[in-house]
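Q: Below are the structure tokens for one structure; questions will follow.
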Amino acid sequence: MSTGRDVFIVANSTDELGGVTGWMHRMAHLLQEQGHRVHTVGVHAAELTMALPEDPGYPVTALYPAHPPTPWTPKGVRDRLRIPARRREAARVARKRQAVERLSEIFRAARPGGVVIVTQVWAMEWVGEADTDGLTVIGMSHESYDYSRASHRYRWIKNHYAGLERWLVLTEEDADTWAGDGMNNVGFMPNALASLPPVPSPRTGRSVASIGRLTDQKGIDMLLDAWALVAPERPDWTLDVYGAGEDEAALRAQCTGLGLDGSVRWGGRTDDVPGALARSSVFVQSSRGEGFPLALMEAMASGVPCAAFDCAPGVREIVRDGQDGLLAPAGDIGALADRLLRLTGNPRMRDAMGDRARTGVQRFSEAEIVRRWEELFALLER
Amino acid sequence: MNTPDVSCVITPGPGGATALRASVGSVLGQSLRAVEALVVLAPDTDDAVRAAAGALTEGAPERVRVLTTETPGGFAAVRRNAGLSTARGTYVLVLGDGERLQRHACRTLWETGERTRADLVAGGWTRLTGDGAKEQEPPWQHALFPRSRVVSRLTDASELVVRDALVTGFCLRREAVERHGLRYDEDLEHSEIPFGPRAASAVRRIALVRRRIVSERAPADPGRDLAGLVEAHRRVCHLLEAQGLTGLLEERERAFLLDRLVALVRTFPTLPAAERERLAATAARVLPESVPEPVLLTLPPVERVGVRLLERGDADGVLTAAYALRRRGTVAAPLVQGRDGRVRWQGGDEDPALDVTELGHQHRAFGELRLMNRLTRYEADGGRVLLEGRLVLPDHTGPGPAPTARLEFRVRDGARTFGFPVDELRRDATGISWRARADLSRVLRPLGTRDTLWDARMVVEDGRVRSVSDLFAAHDLVGPGDRSPARPRLGRAAGDTWQPYVTLKDHLALRLEARHRPARTTRRLVHYATHFRPARRARLLLRALGRRRDRLRSRGLKVSVYHSWFLRLPVRRGTVVFESHMGTCYGDSPRAVHEEVRRRGLPLRCVWSYDGSREGFPAGERLVRRWSWRYLWTLARAEYWVDNQGFPQHLRKPTGTTYLQTWHGSAYKRMGFDERRVRMQNAPQRERLQQAVHRFDHFLVRSEHDVRTLARAYRLPERTLLRTGYPRNDVLFAARTRDEAEGRLPRGPLAERLGLDDHRQVVLYAPTFRGGPGRRKRRRLLLDAARFAERFGDRYTLLVRAHYLEAASLPVCPPGTVVDVSGHHDTGELLALADVLITDYSSIMFDYALLDRPIVLFAPDLDTYAAERGSYFDLREKAPGPVTATEDELFAVLDSLKAVDTGFRAARAAFAEEFGGYDRGDAARAVVDTVFARHLSRTTRTGEDRR
């Protein structure tokens, strides 16, 4: 069905450790398989890198060897007279012009029908200035409306994406909210579920799993508070917290303070997510903010039912409350504890929900998502 | 081009060639390329439009087709149907005159249609406002598109047929158009009104997409072809009836009255007299069968009156009703009180539609009422003008026997007035007719610059009260023929003519104009001097300087100066800053502490912070405005901060300063870090809150419940807790003691001031805060005060106290039945005054329980409130009085209060003990002894020998 287009995927960085970069390479691989000619471009190469295959099979270009300097605007009279700063700024501008020129070179090599996918709005600073004649530019935002609204990216999105043919958020609800905010060119495209483990979790281990970085955004502190309400009722269950991060020490201290040392196990960072899920019967997510959480999808793919805070449209989209998981109002610890009690106390419900989750989450399978991308390419050409 | 994806049918209308070019241009500018524009012309279309259409086809022959129907004349429906028959696209979309498609409209519609397999895809649209300068959405549109969705039953998206939502901004699958034989009604001008609902009920799936599709729809003109409009509405009603959708039918009837007929009534003052007569005559002909009585009676009173008078064809009455609609709260027509006590609009003998009792005008007297004063004649003969008019009087009140009146002209946005007496006043049963003559040129002497607009009004006095009324006039009453010469003080060069005109708010005003030589030359010179380039520069500079000045006053700068400079200042010993509820009042515990300090004569320098107005704060005290430079200076140097809610979060406490946080109530709903909203905040935000809370050195608690809830929720260390109870509650103990010793009567000076008499019991209604962060809003109360007054007016007086962050909007009730006490600074006094308390979740119940008087909880939304905000305990289980969920239950309890209350004595005592165990009536003394210990001299150290 595919005609083989030139597809350029532009991200902030080529190899930074993070969800979007991972998404870029996975997507590049899939589109390559569809017969497209993919070229991934990062604004810069990162210091903290993720493991990439030696030969990805498609070109990877970084416009800068390291993070480019941020623009400088003089504040006050004294600042205006600062010669070195002015020279640095001039150098930055010149360097940016070169980078834009390089990007234009890459784009010019495309045949008609080419597509540029800008995965993060920051990269539009370069793509917007580059020569994209004859190409369709598709913007993306990998976070919920509320999360963007609270950050400077809201303005960037409004400035850079308003003139595009189409830009994408993760869920229809987010798209509606953005459209209500005056962005009529917004569409939506969920993230894809990477793989379906051949065997679902047996759901026999008396363990509740949480997988995620130990940072404030993931809300592990609230999870511990909720577990403090669950643990006395379920003395034979344990909470397994996988992940590492800056808040680890504080969280462990909180755990000890709550007297949960006996029932909480710290699993550290794990590369074997399906293995961890196979050992547990319930998955819990207590994040303060999410986009389209992969961890939730992986758990459901393993047939593990989830209890989660309803913190973003992406979560509501993945988990259909009461059918293949249980949602609690965001921040309501009592409610989250209640959902955990319900899931841990009722093996029949756990099994039913887990099975439904494994089937349901396949609507985000890679094949399905690639099909939707192809449809989008065709739509933009009509 | 093969089959286009979308065909857009465009039929030129009154907008002519410009509108046609705009519409076709928007189609050609679509991001979806496979879109065709199908322009359908009548054989008698004028040449300019025909030429424009020709040019458009030539520009894009592939994408613009022009079609001419065979029959000349007829309504647009004929050409639309021709377009529908000729269209080739997968979807068809019909654009009205001058309407434009948004750039991505067709792509959105097509994609949604393909994805959802819906036959009808509808999105939002906007129309131009009356003056054509702005665009606005119809107000109900937001409710129709909360989310993009697919519906298969009309009841799931009732606005589609209830409002005229499907007049534009939607597309139909062409195959469905053919299958269902959908066509516009060729005998109607408003053919788009029945077409949309008919299509919606024919197709099985409707996709609603939350995107704007069409803009610049022509402004609503409710007077255009009224008969046709009513007929179109009837056809939709028949359709709904045939489908058996009676619920929607009723909603549709009501929406039609409000959206179309009331809108028509509102336009009356701006129409010429002949047009008003014509419309009223048409209305009298077509409306009588089309306004169902039961639906009419559900409308609010003034709207109802307007529609009824329109239906009767009473042009002058409609005009009067329009004034009442455009100026809410004005008595526009004589009111007649019948023998049954109901108040009716003039001429409404037994007609329930003209019953306006619920407006409450009958409870107000002459002087309090806003009366309509209608100008009926304005004649100018040179400088001499003759004005005639009529002031409306309701039959229950009026001025005394020998009223006098003055006509005044008052400068816009100023206080200067010129006036002259009204010569003739003739009072009759329903009003006062008056006539005034004056030499306008002589009486009205403006300076001539910056005071060119003067509003007219009349003041009627009878020696005791005065009543001021604007002079209303229809917009065609005065015109260019009514000019008078003007004599400004700056001379004829400043202006030479008075031009009377009727403002947008429908009252008479005079404008100083320059019509002759010297004045026009001066105006031109002045205009040049203020608009040539250096002047523009100067204005820009001034504006920039203004911005600089604003920056100097901004909070950001203040906070940074506070931290970097003010905090280095030495602490001024013995200074105390008091603040209550962020400066909004002089009350609560800080006031009680302050009064205790004063009573004991402590050598402290007390400063109160106020926000907005100084009213209610003691005159002799030092006051600083919240967020002023002096406020920050004082805070930075104070030795003590005393507050019940929180000094600005961003301000660090100076070292060496002691912060007494008295807090403002025990908690029912979850607070601080127990609140869901706070928990979900990110780390820096939570850290900021924690820092702000860690400023507290003393925190007052009333019971162990506070320790378990508030202290834990804000993570307060044990050493900060003072188990003294709240100083504000000391007065309650005093009141209780007095009660037991001498009874509750007489009630004291406050009762006298509020006009409470001794034979009615006092009920205080104090609901809690329901909003989130943000500006203070006026809200409707959950309790219907008017119903309360009607039922209990002779037994109870209702005091209403809204939360200090909100304001209540109260209906007009008979005098002495409902009193708004939201502005009263000291809640303690109100509590001591009240015989019964009605509340929901307000912390006021914990305090009032100390008085051991009846409490009734009125909580219609208890379960949702508790689920949304979270609560610390089950209110039903521990309630200090009956918990009622509906107004009827509440009234039943109030009816037999004594009997009900005896059953709750024990529960109330337990409640008071559990939540106010540390309150013993000596909190202020104990707090002062602890916090200000250093300043207690031997003479003032009275608290010591207590323990």
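Labels for the structure tokens follow display order: chains A, B, ..., residues from 1 in each chain, ligands from 1.
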Tell me the residues of chain B close to chain A, meaning within 9 Å using only C-alpha atoms, as a count of residues only.
A: 32
Q: Taking the DSSP assignment computed from this structure's backbone, write out as a count of residues only all residues of region 360-550 of chain B that belong to alpha helix (DSSP H).
A: 37
Q: Please report, as a PDB file with N, CA and C atoms, in the first residue's frame, each residue of region 481-668 of chain B to which DSSP assigns strand (DSSP E) when run on this structure's backbone.
A:
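Result file result.pdb:
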```pdb
ATOM      1  N   SER B 484     -29.444  72.954  18.930  1.00  0.00           N
ATOM      2  CA  SER B 484     -29.531  74.271  19.555  1.00  0.00           C
ATOM      3  C   SER B 484     -28.144  74.882  19.545  1.00  0.00           C
ATOM      4  N   PRO B 485     -28.086  76.206  19.514  1.00  0.00           N
ATOM      5  CA  PRO B 485     -26.765  76.826  19.593  1.00  0.00           C
ATOM      6  C   PRO B 485     -26.151  76.623  20.984  1.00  0.00           C
ATOM      7  N   THR B 497     -22.671  73.964  18.705  1.00  0.00           N
ATOM      8  CA  THR B 497     -23.995  73.373  18.551  1.00  0.00           C
ATOM      9  C   THR B 497     -24.220  72.274  19.579  1.00  0.00           C
ATOM     10  N   TRP B 498     -25.424  72.261  20.128  1.00  0.00           N
ATOM     11  CA  TRP B 498     -25.833  71.119  20.949  1.00  0.00           C
ATOM     12  C   TRP B 498     -26.609  70.158  20.082  1.00  0.00           C
ATOM     13  N   GLN B 499     -26.151  68.920  20.007  1.00  0.00           N
ATOM     14  CA  GLN B 499     -26.887  67.906  19.254  1.00  0.00           C
ATOM     15  C   GLN B 499     -27.440  66.884  20.244  1.00  0.00           C
ATOM     16  N   PRO B 500     -28.769  66.808  20.395  1.00  0.00           N
ATOM     17  CA  PRO B 500     -29.309  65.759  21.271  1.00  0.00           C
ATOM     18  C   PRO B 500     -29.247  64.411  20.567  1.00  0.00           C
ATOM     19  N   TYR B 501     -28.987  63.361  21.323  1.00  0.00           N
ATOM     20  CA  TYR B 501     -29.000  62.020  20.751  1.00  0.00           C
ATOM     21  C   TYR B 501     -29.358  61.017  21.834  1.00  0.00           C
ATOM     22  N   VAL B 502     -29.690  59.811  21.422  1.00  0.00           N
ATOM     23  CA  VAL B 502     -30.050  58.767  22.383  1.00  0.00           C
ATOM     24  C   VAL B 502     -28.895  57.773  22.452  1.00  0.00           C
ATOM     25  N   LEU B 508     -31.389  59.990  26.963  1.00  0.00           N
ATOM     26  CA  LEU B 508     -31.101  61.216  26.223  1.00  0.00           C
ATOM     27  C   LEU B 508     -29.770  61.807  26.677  1.00  0.00           C
ATOM     28  N   ALA B 509     -29.002  62.311  25.723  1.00  0.00           N
ATOM     29  CA  ALA B 509     -27.755  62.991  26.057  1.00  0.00           C
ATOM     30  C   ALA B 509     -27.536  64.103  25.040  1.00  0.00           C
ATOM     31  N   LEU B 510     -26.679  65.042  25.393  1.00  0.00           N
ATOM     32  CA  LEU B 510     -26.354  66.137  24.485  1.00  0.00           C
ATOM     33  C   LEU B 510     -24.878  66.068  24.143  1.00  0.00           C
ATOM     34  N   ARG B 511     -24.592  66.378  22.890  1.00  0.00           N
ATOM     35  CA  ARG B 511     -23.210  66.357  22.456  1.00  0.00           C
ATOM     36  C   ARG B 511     -22.862  67.740  21.924  1.00  0.00           C
ATOM     37  N   LEU B 512     -21.722  68.255  22.351  1.00  0.00           N
ATOM     38  CA  LEU B 512     -21.260  69.550  21.857  1.00  0.00           C
ATOM     39  C   LEU B 512     -20.537  69.318  20.541  1.00  0.00           C
ATOM     40  N   GLU B 513     -21.038  69.938  19.470  1.00  0.00           N
ATOM     41  CA  GLU B 513     -20.443  69.706  18.152  1.00  0.00           C
ATOM     42  C   GLU B 513     -19.913  71.001  17.564  1.00  0.00           C
ATOM     43  N   THR B 575       6.249  46.256  67.700  1.00  0.00           N
ATOM     44  CA  THR B 575       5.297  46.497  66.612  1.00  0.00           C
ATOM     45  C   THR B 575       4.557  45.202  66.260  1.00  0.00           C
ATOM     46  N   VAL B 576       3.253  45.287  66.119  1.00  0.00           N
ATOM     47  CA  VAL B 576       2.459  44.125  65.745  1.00  0.00           C
ATOM     48  C   VAL B 576       1.673  44.463  64.483  1.00  0.00           C
ATOM     49  N   VAL B 577       1.742  43.591  63.471  1.00  0.00           N
ATOM     50  CA  VAL B 577       0.895  43.765  62.291  1.00  0.00           C
ATOM     51  C   VAL B 577      -0.247  42.763  62.368  1.00  0.00           C
ATOM     52  N   PHE B 578      -1.471  43.268  62.293  1.00  0.00           N
ATOM     53  CA  PHE B 578      -2.647  42.405  62.312  1.00  0.00           C
ATOM     54  C   PHE B 578      -3.261  42.337  60.922  1.00  0.00           C
ATOM     55  N   GLU B 579      -3.758  41.164  60.605  1.00  0.00           N
ATOM     56  CA  GLU B 579      -4.473  41.048  59.337  1.00  0.00           C
ATOM     57  C   GLU B 579      -5.540  39.969  59.503  1.00  0.00           C
ATOM     58  N   ARG B 605       2.739  48.642  69.571  1.00  0.00           N
ATOM     59  CA  ARG B 605       2.336  49.532  68.478  1.00  0.00           C
ATOM     60  C   ARG B 605       1.616  48.661  67.448  1.00  0.00           C
ATOM     61  N   CYS B 606       0.290  48.787  67.387  1.00  0.00           N
ATOM     62  CA  CYS B 606      -0.499  47.888  66.545  1.00  0.00           C
ATOM     63  C   CYS B 606      -0.801  48.520  65.197  1.00  0.00           C
ATOM     64  N   VAL B 607      -0.641  47.732  64.145  1.00  0.00           N
ATOM     65  CA  VAL B 607      -0.929  48.202  62.794  1.00  0.00           C
ATOM     66  C   VAL B 607      -1.857  47.192  62.140  1.00  0.00           C
ATOM     67  N   TRP B 608      -2.928  47.663  61.509  1.00  0.00           N
ATOM     68  CA  TRP B 608      -3.848  46.755  60.811  1.00  0.00           C
ATOM     69  C   TRP B 608      -3.674  46.879  59.314  1.00  0.00           C
ATOM     70  N   SER B 609      -3.768  45.751  58.649  1.00  0.00           N
ATOM     71  CA  SER B 609      -3.691  45.783  57.194  1.00  0.00           C
ATOM     72  C   SER B 609      -5.104  45.714  56.629  1.00  0.00           C
ATOM     73  N   TYR B 610      -5.379  46.510  55.605  1.00  0.00           N
ATOM     74  CA  TYR B 610      -6.701  46.455  54.961  1.00  0.00           C
ATOM     75  C   TYR B 610      -6.522  46.301  53.468  1.00  0.00           C
ATOM     76  N   ARG B 622      -3.627  52.577  63.437  1.00  0.00           N
ATOM     77  CA  ARG B 622      -2.766  52.745  62.267  1.00  0.00           C
ATOM     78  C   ARG B 622      -3.168  51.711  61.225  1.00  0.00           C
ATOM     79  N   LEU B 623      -3.372  52.144  60.019  1.00  0.00           N
ATOM     80  CA  LEU B 623      -3.784  51.230  58.945  1.00  0.00           C
ATOM     81  C   LEU B 623      -2.775  51.288  57.807  1.00  0.00           C
ATOM     82  N   VAL B 624      -2.504  50.127  57.205  1.00  0.00           N
ATOM     83  CA  VAL B 624      -1.694  50.122  55.977  1.00  0.00           C
ATOM     84  C   VAL B 624      -2.439  49.300  54.929  1.00  0.00           C
ATOM     85  N   ARG B 625      -2.377  49.748  53.694  1.00  0.00           N
ATOM     86  CA  ARG B 625      -3.050  49.023  52.633  1.00  0.00           C
ATOM     87  C   ARG B 625      -2.228  47.789  52.257  1.00  0.00           C
ATOM     88  N   TYR B 640       5.960  41.330  65.652  1.00  0.00           N
ATOM     89  CA  TYR B 640       4.945  40.279  65.642  1.00  0.00           C
ATOM     90  C   TYR B 640       4.095  40.377  64.395  1.00  0.00           C
ATOM     91  N   TRP B 641       3.797  39.224  63.841  1.00  0.00           N
ATOM     92  CA  TRP B 641       2.766  39.145  62.785  1.00  0.00           C
ATOM     93  C   TRP B 641       1.603  38.374  63.375  1.00  0.00           C
ATOM     94  N   VAL B 642       0.402  38.890  63.257  1.00  0.00           N
ATOM     95  CA  VAL B 642      -0.789  38.166  63.725  1.00  0.00           C
ATOM     96  C   VAL B 642      -1.776  38.102  62.574  1.00  0.00           C
ATOM     97  N   ASP B 643      -2.249  36.926  62.292  1.00  0.00           N
ATOM     98  CA  ASP B 643      -3.041  36.757  61.080  1.00  0.00           C
ATOM     99  C   ASP B 643      -3.862  35.495  61.211  1.00  0.00           C
ATOM    100  N   THR B 658       8.011  37.113  65.406  1.00  0.00           N
ATOM    101  CA  THR B 658       7.172  36.000  65.855  1.00  0.00           C
ATOM    102  C   THR B 658       5.859  36.047  65.095  1.00  0.00           C
ATOM    103  N   TYR B 659       5.476  34.913  64.539  1.00  0.00           N
ATOM    104  CA  TYR B 659       4.268  34.854  63.711  1.00  0.00           C
ATOM    105  C   TYR B 659       3.216  34.070  64.473  1.00  0.00           C
ATOM    106  N   LEU B 660       2.116  34.759  64.837  1.00  0.00           N
ATOM    107  CA  LEU B 660       0.995  34.080  65.480  1.00  0.00           C
ATOM    108  C   LEU B 660      -0.075  33.819  64.437  1.00  0.00           C
ATOM    109  N   GLN B 661      -0.274  32.555  64.126  1.00  0.00           N
ATOM    110  CA  GLN B 661      -1.302  32.177  63.153  1.00  0.00           C
ATOM    111  C   GLN B 661      -2.517  31.699  63.939  1.00  0.00           C
TER     112      GLN B 661
END
```
Q: For a quick check of understanding, using only C-alpha atoms, which of A:Leu168, A:Ala91, A:Ala276, A:Leu214 has the smallest distance to Ser144 (chain A)?
A: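 Smallest distance to Ser144 (chain A) is found for A:Leu168.
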Q: Arg278 (chain B): which residues within 12 Å, counting only C-alpha atoms, same-chain residues fewer than 4 positions away excluded, as JSON, numbers by chain?
A: {"B": [223, 224, 225, 226, 227, 268, 271, 272, 273, 274, 282, 283, 284, 285, 310, 313, 314, 315, 316]}
Q: Just give me the gap between CA of Ala87 (chain B) and CA of Val203 (chain B) in Å, one decimal is fine.
A: 19.0 Å
Q: At a cut-off of 10 Å, using only C-alpha atoms, what residues contact Asp895 (chain B)? Leave out same-chain residues fewer than 4 positions from it and give the result as a ChimeraX atom specification.
A: /B:791-792,795,889-891,899-900
Q: Can those selected residues be exported to a file as a CSV table (one decimal), in the first residue's frame so that it contains C-alpha atoms?
A:
```
chain,number,residue,atom,x,y,z
B,791,ARG,CA,-43.1,31.1,54.1
B,792,PHE,CA,-41.5,32.3,57.3
B,795,ARG,CA,-41.7,34.3,62.2
B,889,GLU,CA,-37.0,19.2,54.3
B,890,LEU,CA,-35.3,22.3,55.7
B,891,PHE,CA,-38.6,24.2,55.9
B,899,ALA,CA,-39.6,19.7,68.8
B,900,VAL,CA,-36.8,18.7,66.4
```
Q: One decimal, in Å: what's the spacing between CA of Leu309 (chain B) and CA of Pro219 (chain B)?
A: 25.1 Å
Q: So which one's closest to Arg269 (chain A), A:Thr73, A:Gln34, A:Gln98, A:Ser210? Using only C-alpha atoms, please.
A: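 Smallest separation from Arg269 (chain A) among the options: A:Ser210.
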Q: Fewer than 2 positions away in the same chain doesn't count, so skip those; otherwise give me all residues within 7 Å of Asp324 (chain A), counting only C-alpha atoms, as a list in words.
A: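 Once the adjacent positions are removed, what remains is Pro305, Val319, Arg320, Asp321, Gly322, Met353, Gly354, Arg356 and Ala357 of chain A.
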Q: Separation of CA of Gly314 (chain A) and CA of Trp156 (chain A), in Å?
A: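 Distance reported for this atom pair: 21.6 Å.
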Q: Please provide as a list in words all residues within 12 Å of Asp131 (chain B), with the sequence filter that same-chain residues fewer than 2 positions apart are discarded (counting only C-alpha atoms).
A: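 Close residues of Asp131 (chain B): Arg127, Leu128, Thr129, Ala133, Lys134, Glu135, Gln136, Ala218, Pro219, Ala220 and Asp221 of chain B.
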Q: Can you tell me, as a ChimeraX atom specification, what residues are no more than 10 Å from Glu379 (chain B) when counting only C-alpha atoms, ignoring any on the same chain fewer than 5 positions away?
A: /B:384-388,437,477-478,481-484
